[in-house]
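For reference, query-v8.cif is printed below; it contains mmCIF, C-alpha atoms and all ligand atoms.
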```
data_structure
#
loop_
_atom_site.label_atom_id
_atom_site.label_comp_id
_atom_site.auth_asym_id
_atom_site.auth_seq_id
_atom_site.Cartn_x
_atom_site.Cartn_y
_atom_site.Cartn_z
CA MET J 1 -1.70 -23.04 -4.72
CA GLN J 2 -0.03 -21.71 -1.65
CA PRO J 3 -1.13 -18.17 -0.83
CA GLN J 4 1.85 -16.01 -0.06
CA PRO J 5 1.89 -13.16 2.40
CA SER J 6 2.44 -9.53 1.53
CA ARG J 7 5.09 -8.44 3.93
CA ARG J 8 5.61 -5.01 5.23
CA ARG J 9 8.96 -3.38 5.08
CA ILE J 10 11.88 -3.69 7.41
CA SER J 11 13.05 -0.83 9.55
CA PRO J 12 15.81 1.02 7.68
CA ARG J 13 18.03 0.65 10.70
CA ARG J 14 17.72 -3.11 10.58
CA LEU J 15 17.87 -3.47 6.85
CA ALA J 16 21.58 -4.03 6.51
CA ALA J 17 21.59 -6.76 9.12
CA LEU J 18 18.54 -8.47 7.65
CA ALA J 19 19.30 -8.10 3.97
CA SER J 20 20.20 -11.74 3.44
CA VAL J 21 17.07 -12.90 5.22
CA THR J 22 14.94 -10.62 3.07
CA VAL J 23 16.40 -11.94 -0.14
CA LEU J 24 15.80 -15.46 1.04
CA THR J 25 12.16 -14.90 1.94
CA LEU J 26 11.50 -13.10 -1.33
CA ALA J 27 13.01 -15.98 -3.21
CA VAL J 28 10.78 -18.40 -1.36
CA SER J 29 7.82 -16.17 -2.09
CA THR J 30 8.41 -16.00 -5.83
CA SER J 31 9.34 -19.62 -6.36
CA ALA J 32 6.37 -20.93 -4.41
CA GLY J 33 3.95 -18.40 -5.89
CA ASN J 34 2.88 -20.41 -8.89
CA GLY J 35 -0.45 -18.68 -9.29
CA ARG J 36 -2.28 -15.51 -8.48
CA LEU J 37 -3.84 -14.84 -5.14
CA SER J 38 -6.92 -13.15 -6.47
CA PRO J 39 -9.93 -15.41 -6.57
CA ASP J 40 -12.12 -15.44 -9.64
CA ALA J 41 -15.28 -13.39 -9.75
CA SER J 42 -17.47 -16.22 -8.49
CA THR J 43 -15.71 -16.31 -5.13
CA ALA J 44 -15.02 -12.60 -4.92
CA GLY J 45 -16.30 -10.64 -1.98
CA ALA J 46 -17.03 -6.99 -2.44
CA GLY J 47 -14.68 -6.66 -5.43
CA PRO J 48 -12.61 -3.68 -6.44
CA ALA J 49 -13.75 -0.12 -6.46
CA ALA J 50 -15.85 1.26 -9.28
CA LEU J 51 -13.15 2.93 -11.32
CA SER J 52 -13.60 6.36 -12.82
CA ARG J 53 -12.60 6.30 -16.45
CA SER J 54 -13.68 7.25 -19.93
CA SER J 55 -12.91 5.75 -23.33
CA ALA J 56 -10.01 8.22 -23.55
CA HIS J 57 -8.42 6.46 -20.57
CA GLY J 58 -8.26 3.07 -22.28
CA PRO J 59 -4.58 3.25 -23.33
CA CYS J 60 -3.64 4.31 -19.78
CA MET J 61 -5.38 1.39 -18.09
CA ILE J 62 -2.31 -0.80 -18.15
CA THR J 63 -2.66 -4.45 -17.11
CA ALA J 64 -0.38 -7.38 -16.42
CA ASP J 65 0.56 -9.50 -19.43
CA ARG J 66 1.41 -12.42 -17.21
CA GLU J 67 0.18 -14.07 -14.03
CA ILE J 68 1.58 -12.32 -10.99
CA GLN J 69 0.59 -12.17 -7.35
CA MET J 70 -0.36 -8.49 -7.01
CA SER J 71 -0.26 -6.06 -9.91
CA GLU J 72 -0.32 -2.28 -10.28
CA GLY J 73 -2.67 -2.87 -13.23
CA ILE J 74 -5.97 -1.04 -13.60
CA PRO J 75 -8.59 -2.17 -12.85
CA THR J 76 -7.56 -4.22 -9.81
CA THR J 77 -8.37 -7.91 -10.26
CA PRO J 78 -11.41 -9.18 -8.27
CA GLY J 79 -11.23 -10.66 -4.79
CA TYR J 80 -9.88 -7.70 -2.82
CA THR J 81 -11.84 -5.47 -0.47
CA ARG J 82 -13.86 -2.62 -1.99
CA SER J 83 -12.01 0.68 -1.48
CA THR J 84 -14.83 3.24 -1.75
CA GLY J 85 -17.97 3.87 0.28
CA THR J 86 -18.47 2.44 3.74
CA VAL J 87 -16.04 -0.36 4.55
CA ARG J 88 -16.47 -2.21 7.83
CA ALA J 89 -13.21 -3.42 9.32
CA LEU J 90 -13.72 -6.18 11.88
CA THR J 91 -10.96 -5.53 14.39
CA LEU J 92 -10.02 -8.18 16.94
CA MET J 93 -7.30 -8.13 19.59
CA ILE J 94 -5.83 -11.56 20.29
CA ASP J 95 -3.48 -13.00 22.89
CA PHE J 96 -1.98 -16.36 23.87
CA SER J 97 -1.23 -18.38 26.99
CA ASP J 98 2.51 -17.78 26.48
CA ALA J 99 1.92 -14.10 25.59
CA PRO J 100 -1.03 -12.92 27.70
CA GLY J 101 -2.36 -9.49 26.79
CA GLU J 102 -1.04 -6.86 29.15
CA GLY J 103 -3.53 -4.27 30.29
CA ASP J 104 -6.67 -3.24 28.45
CA ALA J 105 -7.15 -4.67 24.95
CA LEU J 106 -8.71 -1.34 24.02
CA ASP J 107 -5.30 0.28 24.51
CA ARG J 108 -3.99 -1.90 21.69
CA TYR J 109 -6.95 -0.77 19.56
CA ARG J 110 -6.20 2.86 20.39
CA GLU J 111 -2.68 2.54 18.98
CA PHE J 112 -4.32 2.45 15.52
CA PHE J 113 -7.63 4.27 15.87
CA PRO J 114 -8.98 6.77 15.15
CA GLU J 115 -5.75 7.56 13.21
CA THR J 116 -6.14 4.82 10.57
CA ARG J 117 -9.75 5.82 9.86
CA GLU J 118 -8.67 9.48 9.54
CA TRP J 119 -5.70 8.55 7.33
CA PHE J 120 -8.02 6.88 4.83
CA ALA J 121 -10.60 9.70 4.99
CA THR J 122 -7.87 12.25 4.20
CA SER J 123 -6.14 10.23 1.50
CA SER J 124 -9.41 9.29 -0.25
CA TYR J 125 -10.90 12.83 -0.10
CA GLY J 126 -13.71 11.29 1.94
CA ARG J 127 -14.49 8.54 -0.57
CA LEU J 128 -13.49 5.72 1.76
CA ASP J 129 -15.58 5.69 4.91
CA TYR J 130 -13.46 3.21 6.87
CA ARG J 131 -15.26 2.00 9.98
CA PRO J 132 -13.30 0.01 12.51
CA GLU J 133 -15.64 -2.14 14.55
CA LEU J 134 -14.84 -4.15 17.64
CA PRO J 135 -17.65 -6.48 18.64
CA VAL J 136 -15.25 -8.15 21.12
CA PRO J 137 -13.73 -5.31 23.16
CA ASP J 138 -11.36 -7.59 25.06
CA TRP J 139 -8.42 -9.89 24.42
CA LEU J 140 -9.54 -12.93 22.46
CA ARG J 141 -7.50 -15.82 23.88
CA MET J 142 -6.26 -18.32 21.30
CA PRO J 143 -6.50 -22.03 22.22
CA LYS J 144 -2.82 -22.69 21.43
CA SER J 145 0.35 -20.96 22.52
CA PHE J 146 1.88 -18.37 20.19
CA ARG J 147 4.85 -20.64 19.79
CA ALA J 148 2.63 -23.51 18.63
CA TYR J 149 1.45 -21.61 15.55
CA GLY J 150 5.02 -21.44 14.30
CA ILE J 151 4.66 -17.88 13.03
CA GLU J 152 7.84 -16.24 11.86
CA ARG J 153 8.83 -13.67 9.26
CA GLY J 154 7.77 -14.78 5.81
CA ALA J 155 5.59 -17.63 7.10
CA PRO J 156 3.13 -18.70 4.39
CA PHE J 157 -0.59 -19.16 5.01
CA ASP J 158 -0.26 -22.88 5.59
CA PRO J 159 -0.17 -24.27 8.12
CA GLY J 160 0.29 -21.62 10.84
CA TYR J 161 -1.99 -18.86 9.60
CA ARG J 162 -4.71 -21.27 8.52
CA ASP J 163 -4.75 -22.65 12.07
CA LEU J 164 -4.73 -19.17 13.54
CA VAL J 165 -7.58 -17.91 11.33
CA ARG J 166 -9.66 -21.02 12.10
CA ASP J 167 -9.08 -20.50 15.82
CA ILE J 168 -9.91 -16.79 15.62
CA VAL J 169 -13.15 -17.60 13.81
CA ALA J 170 -14.07 -20.31 16.33
CA GLU J 171 -13.36 -18.11 19.35
CA ALA J 172 -15.09 -15.00 17.96
CA ASP J 173 -18.04 -16.67 16.24
CA PRO J 174 -20.48 -16.54 19.18
CA GLU J 175 -20.21 -12.75 19.19
CA VAL J 176 -19.33 -11.96 15.56
CA ASP J 177 -21.28 -12.24 12.31
CA PHE J 178 -18.41 -12.40 9.84
CA GLN J 179 -20.77 -11.70 6.93
CA SER J 180 -21.18 -8.13 8.16
CA TYR J 181 -17.57 -7.13 7.53
CA ASP J 182 -15.42 -6.28 4.53
CA LEU J 183 -11.99 -7.03 6.01
CA LEU J 184 -10.36 -8.39 9.16
CA ASN J 185 -7.73 -6.66 11.29
CA VAL J 186 -5.98 -8.87 13.83
CA LEU J 187 -4.13 -6.79 16.39
CA VAL J 188 -1.83 -9.26 18.11
CA THR J 189 -0.74 -8.57 21.69
CA PRO J 190 2.58 -6.69 21.35
CA ASN J 191 4.42 -9.11 23.63
CA ALA J 192 3.97 -12.01 21.16
CA GLY J 193 7.04 -12.44 19.01
CA PRO J 194 10.05 -10.16 18.55
CA ALA J 195 10.14 -6.35 18.54
CA ALA J 196 9.50 -4.71 15.15
CA LEU J 197 13.07 -3.39 15.24
CA ASP J 198 14.41 -6.94 15.29
CA THR J 199 12.12 -8.54 12.75
CA VAL J 200 8.86 -7.49 11.15
CA LEU J 201 6.07 -10.05 11.39
CA SER J 202 3.14 -7.85 10.35
CA VAL J 203 1.55 -9.34 7.28
CA THR J 204 -1.55 -9.36 5.09
CA PHE J 205 -3.19 -12.19 3.21
CA ALA J 206 -5.22 -10.47 0.50
CA GLY J 207 -7.54 -11.86 -2.15
CA ASN J 208 -6.92 -15.26 -0.58
CA LYS J 209 -9.47 -17.70 -1.91
CA GLU J 210 -7.88 -20.53 0.05
CA ALA J 211 -8.91 -18.90 3.32
CA PRO J 212 -11.19 -20.71 5.78
CA ASN J 213 -14.87 -19.75 5.78
CA ALA J 214 -16.64 -17.94 8.58
CA ASP J 215 -20.43 -17.62 8.59
CA GLY J 216 -20.38 -18.77 4.98
CA VAL J 217 -17.86 -16.22 3.66
CA PRO J 218 -14.10 -16.74 3.21
CA VAL J 219 -11.81 -14.68 5.43
CA SER J 220 -9.94 -13.68 2.29
CA ASN J 221 -8.66 -10.23 3.24
CA ALA J 222 -6.95 -10.15 6.63
CA SER J 223 -4.18 -7.98 8.09
CA PHE J 224 -2.13 -9.12 11.09
CA VAL J 225 -0.22 -6.52 13.09
CA TYR J 226 2.47 -7.51 15.58
CA SER J 227 4.69 -5.68 18.00
CA ARG J 228 5.00 -1.91 18.17
CA GLN J 229 6.53 0.06 15.35
CA ASP J 230 8.75 1.96 17.77
CA ASP J 231 12.02 2.98 16.15
CA GLY J 232 13.26 4.72 19.27
CA SER J 233 13.17 8.16 17.61
CA GLY J 234 10.44 9.34 19.96
CA SER J 235 7.77 9.67 17.26
CA TYR J 236 5.96 6.41 18.00
CA ASP J 237 2.90 8.11 19.50
CA ARG J 238 2.33 10.03 16.28
CA THR J 239 3.54 7.63 13.60
CA GLY J 240 3.33 4.08 14.96
CA TYR J 241 -0.21 3.43 13.66
CA ARG J 242 0.96 3.65 10.03
CA VAL J 243 1.67 -0.05 9.76
CA LEU J 244 -2.11 -0.59 9.58
CA PRO J 245 -2.88 1.70 6.58
CA HIS J 246 0.03 -0.07 4.86
CA GLU J 247 -1.31 -3.55 5.61
CA ASN J 248 -4.85 -2.51 4.67
CA GLY J 249 -3.43 -1.15 1.39
CA HIS J 250 -2.85 -4.82 0.53
CA VAL J 251 -6.45 -5.82 1.25
CA PHE J 252 -7.46 -3.14 -1.28
CA GLY J 253 -5.11 -4.81 -3.81
CA LEU J 254 -1.99 -2.64 -3.61
CA PRO J 255 1.45 -4.30 -3.90
CA ASP J 256 4.55 -3.58 -1.81
CA LEU J 257 6.74 -0.90 -3.38
CA TYR J 258 9.85 -1.53 -1.29
CA THR J 259 12.22 -4.19 -2.55
CA ALA J 260 14.88 -6.45 -1.08
CA GLU J 261 17.13 -3.36 -1.14
CA GLY J 262 14.66 -1.31 0.92
CA GLY J 263 12.75 1.86 0.05
CA GLY J 264 15.10 3.13 -2.66
CA ALA J 265 12.66 2.65 -5.56
CA VAL J 266 9.89 4.94 -4.31
CA GLY J 267 11.26 6.48 -1.10
CA HIS J 268 8.70 8.14 1.16
CA TRP J 269 6.27 9.00 -1.66
CA ASP J 270 3.82 6.18 -0.84
CA ILE J 271 2.90 4.34 2.33
CA MET J 272 3.26 1.02 0.44
CA SER J 273 6.97 1.92 0.15
CA GLU J 274 7.67 3.32 3.62
CA ASP J 275 5.38 3.20 6.63
CA TRP J 276 7.99 4.16 9.20
CA GLY J 277 8.64 7.72 10.30
CA ALA J 278 6.73 10.83 9.23
CA ASN J 279 3.29 10.51 7.66
CA ASN J 280 3.03 10.05 3.88
CA ASP J 281 0.25 9.62 1.33
CA PHE J 282 -0.45 7.26 -1.55
CA LEU J 283 0.78 8.03 -5.06
CA ALA J 284 -1.86 9.41 -7.44
CA TRP J 285 -1.65 6.15 -9.39
CA HIS J 286 -2.84 4.28 -6.30
CA LYS J 287 -5.62 6.82 -5.75
CA TRP J 288 -6.89 6.25 -9.28
CA LYS J 289 -6.60 2.47 -8.84
CA LEU J 290 -8.57 2.70 -5.59
CA GLY J 291 -11.38 4.75 -7.16
CA TRP J 292 -10.57 7.98 -5.32
CA LEU J 293 -10.09 10.12 -8.45
CA ASP J 294 -12.71 11.00 -11.07
CA ALA J 295 -12.06 10.43 -14.77
CA SER J 296 -11.82 14.22 -15.16
CA GLN J 297 -8.89 14.28 -12.69
CA VAL J 298 -6.76 11.90 -14.77
CA GLY J 299 -5.17 12.90 -18.07
CA CYS J 300 -4.11 10.18 -20.52
CA ALA J 301 -1.28 11.35 -22.80
CA ALA J 302 -1.41 8.48 -25.28
CA ASN J 303 -1.27 10.34 -28.59
CA PRO J 304 1.71 11.86 -30.42
CA GLY J 305 2.10 15.62 -30.21
CA THR J 306 2.41 18.27 -27.52
CA ARG J 307 -0.19 18.98 -24.91
CA GLU J 308 -0.28 21.03 -21.74
CA TYR J 309 -1.86 19.85 -18.51
CA VAL J 310 -2.66 21.44 -15.18
CA LEU J 311 -1.88 19.59 -11.94
CA THR J 312 -3.20 20.55 -8.50
CA PRO J 313 -1.61 19.39 -5.22
CA LEU J 314 -2.40 15.72 -4.64
CA ALA J 315 -3.19 16.28 -0.97
CA ARG J 316 -5.97 18.75 -1.77
CA ALA J 317 -9.44 17.60 -2.87
CA GLY J 318 -10.62 18.47 -6.37
CA GLY J 319 -8.85 19.45 -9.58
CA PRO J 320 -6.62 17.47 -11.94
CA LYS J 321 -4.24 15.12 -10.10
CA LEU J 322 -2.60 12.64 -12.49
CA VAL J 323 -1.24 12.55 -16.02
CA PHE J 324 -0.28 9.15 -17.35
CA VAL J 325 1.96 8.62 -20.38
CA PRO J 326 1.64 4.97 -21.47
CA LEU J 327 4.66 3.20 -22.95
CA ASN J 328 2.80 0.01 -23.90
CA GLY J 329 -0.03 -2.14 -22.61
CA HIS J 330 1.62 -2.87 -19.27
CA SER J 331 3.74 0.17 -18.34
CA GLY J 332 4.05 3.94 -18.51
CA TYR J 333 4.99 7.17 -16.70
CA ALA J 334 2.82 8.79 -14.06
CA VAL J 335 3.09 12.51 -13.29
CA GLU J 336 1.64 14.26 -10.21
CA LEU J 337 2.13 17.30 -7.96
CA ARG J 338 3.23 16.74 -4.37
CA THR J 339 3.26 19.38 -1.65
CA ARG J 340 3.45 19.32 2.14
CA ALA J 341 -0.23 18.99 3.09
CA GLY J 342 -2.73 16.39 4.23
CA ASN J 343 -0.98 13.07 4.87
CA ASP J 344 2.21 14.34 3.21
CA GLU J 345 4.07 15.81 6.16
CA ALA J 346 7.63 14.95 5.06
CA VAL J 347 7.62 16.72 1.66
CA CYS J 348 10.63 19.07 1.71
CA ARG J 349 10.76 20.00 -1.97
CA PRO J 350 7.27 20.49 -3.44
CA GLY J 351 7.06 19.78 -7.14
CA VAL J 352 6.21 17.39 -9.92
CA LEU J 353 6.89 13.72 -9.22
CA VAL J 354 7.52 11.40 -12.17
CA TYR J 355 7.54 7.63 -11.80
CA ARG J 356 7.32 4.54 -13.93
CA VAL J 357 4.54 2.03 -13.27
CA ASP J 358 4.86 -1.53 -14.56
CA ALA J 359 1.86 -3.82 -14.13
CA ASP J 360 4.03 -6.83 -15.04
CA VAL J 361 6.34 -6.42 -12.04
CA ASP J 362 5.18 -8.21 -8.90
CA THR J 363 4.81 -6.98 -5.34
CA GLY J 364 8.16 -6.40 -3.65
CA MET J 365 10.03 -6.59 -6.97
CA GLY J 366 9.83 -2.89 -7.80
CA PRO J 367 6.54 -2.32 -9.71
CA ILE J 368 7.03 1.45 -9.35
CA THR J 369 10.25 3.48 -9.75
CA VAL J 370 10.49 7.19 -8.93
CA TYR J 371 12.81 9.33 -11.11
CA ASP J 372 15.16 11.52 -9.13
CA ALA J 373 15.44 15.06 -10.50
CA ARG J 374 18.47 15.54 -8.24
CA ARG J 375 20.51 12.39 -8.32
CA ASP J 376 23.11 11.81 -5.59
CA SER J 377 22.06 15.01 -3.81
CA GLY J 378 21.51 13.27 -0.48
CA GLY J 379 17.95 14.63 -0.41
CA CYS J 380 16.36 17.43 1.57
CA THR J 381 14.74 15.65 4.52
CA ARG J 382 16.10 15.24 8.02
CA SER J 383 13.13 13.23 9.27
CA PRO J 384 14.16 9.94 10.86
CA ASN J 385 13.26 6.79 8.90
CA VAL J 386 12.49 8.68 5.69
CA HIS J 387 14.49 7.55 2.65
CA ALA J 388 16.54 10.71 2.12
CA GLU J 389 17.92 10.51 -1.42
CA LEU J 390 14.52 10.58 -3.16
CA SER J 391 13.04 13.25 -0.87
CA ASP J 392 14.04 15.96 -3.38
CA ALA J 393 13.16 13.87 -6.44
CA THR J 394 10.51 16.32 -7.67
CA PHE J 395 10.90 18.39 -10.86
CA ALA J 396 10.68 22.20 -10.60
CA PRO J 397 9.71 24.81 -13.23
CA GLY J 398 12.29 24.81 -16.02
CA GLU J 399 13.19 21.15 -15.44
CA SER J 400 12.20 18.21 -17.63
CA PHE J 401 11.99 14.46 -17.44
CA VAL J 402 13.10 12.92 -20.74
CA ASP J 403 12.96 9.37 -22.12
CA ARG J 404 14.77 9.80 -25.44
CA ARG J 405 14.32 6.23 -26.56
CA ALA J 406 10.55 6.38 -26.17
CA GLY J 407 10.39 9.96 -27.46
CA ILE J 408 8.74 11.33 -24.32
CA ARG J 409 9.39 14.64 -22.59
CA VAL J 410 7.57 16.00 -19.52
CA ALA J 411 8.46 19.64 -18.87
CA VAL J 412 7.37 21.67 -15.85
CA ILE J 413 6.54 25.06 -17.36
CA ALA J 414 4.90 27.04 -14.54
CA ALA J 415 4.31 26.79 -10.81
CA GLY J 416 1.87 28.57 -8.56
CA ALA J 417 0.45 28.03 -5.10
CA GLU J 418 -2.75 26.53 -6.51
CA GLU J 419 -1.50 24.65 -9.55
CA TYR J 420 1.43 23.69 -11.77
CA ARG J 421 1.45 23.50 -15.56
CA ILE J 422 3.28 20.75 -17.40
CA ARG J 423 3.87 20.09 -21.10
CA VAL J 424 3.96 16.51 -22.38
CA THR J 425 5.59 15.93 -25.75
CA ARG J 426 5.39 12.58 -27.52
CA THR J 427 7.30 12.10 -30.74
CA ALA J 428 5.50 9.90 -33.23
CA ARG J 429 7.39 6.65 -33.84
CA ASN J 430 7.06 4.27 -36.74
ZN ZN J 501 3.37 -4.77 2.67
#
```
Could you write out this structure as structure tokens?
Ligand SMILES: [Zn+2]
Amino acid sequence: MQPQPSRRRISPRRLAALASVTVLTLAVSTSAGNGRLSPDASTAGAGPAALSRSSAHGPCMITADREIQMSEGIPTTPGYTRSTGTVRALTLMIDFSDAPGEGDALDRYREFFPETREWFATSSYGRLDYRPELPVPDWLRMPKSFRAYGIERGAPFDPGYRDLVRDIVAEADPEVDFQSYDLLNVLVTPNAGPAALDTVLSVTFAGNKEAPNADGVPVSNASFVYSRQDDGSGSYDRTGYRVLPHENGHVFGLPDLYTAEGGGAVGHWDIMSEDWGANNDFLAWHKWKLGWLDASQVGCAANPGTREYVLTPLARAGGPKLVFVPLNGHSGYAVELRTRAGNDEAVCRPGVLVYRVDADVDTGMGPITVYDARRDSGGCTRSPNVHAELSDATFAPGESFVDRRAGIRVAVIAAGAEEYRIRVTRTARN
């Protein structure tokens, strides 16, 4: 089995030019991916988060019916990094003879911290205590040139990344006890490889049981960040770190939500869809999957009939956050309330977001699709690098999402500053 990388998205500005390349690499990824990346329980590290659920949530815990690389299914399969409690992120800065680190390696570290730690604290309502640790506060020089590793966009784990991970382990081992950490961040010197605007190399190998061992444990969850995510819009100082929360989303088991066509399936509603431009949060589905919501915060609308639910803003701690309406064992509709707060700085039309989740659809193939309450409106955002059309996708009081074939209606019936009320109607089918 050849572990395949989870790639981060392409800059929207470069998407048109790179579209053919993207299609090609995705095709390579799916055809070569003949098995799942997640190791079985016997080789698992920390495992997935303890999920909050009750027996009433059973029908809403959709799972994949087939073998895929990374699934939206709940619970997350074993082998990924635990996403609650204290998580220690070994963070190393590396450079090469043909790309020597310029200046202080700690400056590279400071491009991502403390922002990434704060991003996770905010998004998880304090449930993920993400601790970046740098036992080697200097550039770690690799024994081969950058060129010699043959790393390019879409490169699989073998042979280049296997060599690189082995060399990182060998060089760091005198100072690092790899057993003490839950995940590995490799911050590559920004002068190695092309600019992020030209091609995106940043990549994560997650749940990778083929990974080399270090101090007796496999380096199975590792994120590699290249270049600087500078789109030229002048926001780099504030937004450039967001590639790392995206990549680390993969080590916690989350799939890519952008597709070969870009961010049009989910827009700016989740950092696994778009990590360029203004800050954004995770979807409530991801927060449940990661163990950041209690059972009492998730409603499961599995039974026929009409029922009303309260939703409180996703960015605020406490209160009900997610209603799920299952279609079958592997898919359903998720409903949540998004407002401009917390990590959600680009929300320009607060309201109820409705999206379909399909645990059978693989990473990068569109496992989640947001429904646009205002199709072809052009959207309400003017933020650079934010997918515009879906920015006003939310449903307002008086509006409804309807799936006639499945007999499902989600109506927004009241809105206040503290909470919204929705009514879910399911028609019984024979
Ligand atoms: Zn990604």
As a quick test: using all atoms listed in the file, which residues lie no more than 10 Å away from ligand ZN 501 (chain J)? Give them as an MDAnalysis selection string.
chainID J and resid 5:10 202:205 223 243:251 254:258 271:275 363:364
Residue among J:Gly342, J:Gly73, J:Pro384, J:Pro156 lying closest to J:Trp119, counting all atoms listed in the file
J:Gly342
Box for stretch 371-386 of chain J - axis-aligned, 5 Å on each of the six sides, all listed atoms - centre and size in Å to one decimal, as AutoDock Vina command-line options.
```
--center_x 17.8 --center_y 12.1 --center_z -0.1 --size_x 20.6 --size_y 20.6 --size_z 32.0
```
Surrounding residues of J:Gly416 excluding itself and chain neighbours under 3 positions, 10 Å, only C-alpha atoms, as an MDAnalysis selection string:
chainID J and resid 312 397 419:421
Which residue is closest to J:Arg110? Choose from J:Gln297, J:Thr91, J:Ser233, J:Thr394 and count only C-alpha atoms.
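That would be J:Thr91, the residue with the smallest distance to J:Arg110.
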Residues near J:Trp269, anyone? I mean within 7 Å using all atoms listed in the file, not counting same-chain ones fewer than 4 positions away, as a ChimeraX atom specification.
/J:280-283
Could you dump the residues just selected with C-alpha atoms as an mmCIF file, keeping the file's coordinate frame?
```cif
data_model
loop_
_atom_site.group_PDB
_atom_site.id
_atom_site.type_symbol
_atom_site.label_atom_id
_atom_site.label_comp_id
_atom_site.auth_asym_id
_atom_site.auth_seq_id
_atom_site.Cartn_x
_atom_site.Cartn_y
_atom_site.Cartn_z
ATOM 1 C CA ASN J 280 3.030 10.050 3.880
ATOM 2 C CA ASP J 281 0.250 9.620 1.330
ATOM 3 C CA PHE J 282 -0.450 7.260 -1.550
ATOM 4 C CA LEU J 283 0.780 8.030 -5.060
#
```
Between J:Glu171, J:Leu187, J:Gly263, J:Gly79, single out the one closest to J:Asp107, counting all atoms listed in the file.
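Closest to J:Asp107, using all atoms listed in the file: J:Leu187.
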Separating atom CA of J:Asp372 from atom CA of J:His268, to the nearest tenth of an Å, is a gap of 12.6 Å
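Between J:Arg238 and the candidates J:Glu111, J:Gly329, J:Pro190, J:Gly216, the tightest atom-to-atom separation, counting only C-alpha atoms, involves J:Glu111.
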So which one's closest to J:Leu128, J:Gly193, J:Gly232, J:Pro313, J:Gly85? Using only C-alpha atoms, please.
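So, comparing all the options, the nearest one is J:Gly85.
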Distance query J:Gly58 at most 10 Å, all atoms listed in the file, self and fewer than 3 positions along chain excluded, as a VMD selection string:
chain J and resid 53 to 55 61 to 62 74 300 302 329
Could those selected residues go to a file with C-alpha atoms, as a PDB file, in the frame of the given file?
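Output below, filename selection-v3.pdb:
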```pdb
ATOM      1  CA  ARG J  53     -12.600   6.300 -16.450  1.00  0.00           C
ATOM      2  CA  SER J  54     -13.680   7.250 -19.930  1.00  0.00           C
ATOM      3  CA  SER J  55     -12.910   5.750 -23.330  1.00  0.00           C
ATOM      4  CA  MET J  61      -5.380   1.390 -18.090  1.00  0.00           C
ATOM      5  CA  ILE J  62      -2.310  -0.800 -18.150  1.00  0.00           C
ATOM      6  CA  ILE J  74      -5.970  -1.040 -13.600  1.00  0.00           C
ATOM      7  CA  CYS J 300      -4.110  10.180 -20.520  1.00  0.00           C
ATOM      8  CA  ALA J 302      -1.410   8.480 -25.280  1.00  0.00           C
ATOM      9  CA  GLY J 329      -0.030  -2.140 -22.610  1.00  0.00           C
TER      10      GLY J 329
END
```
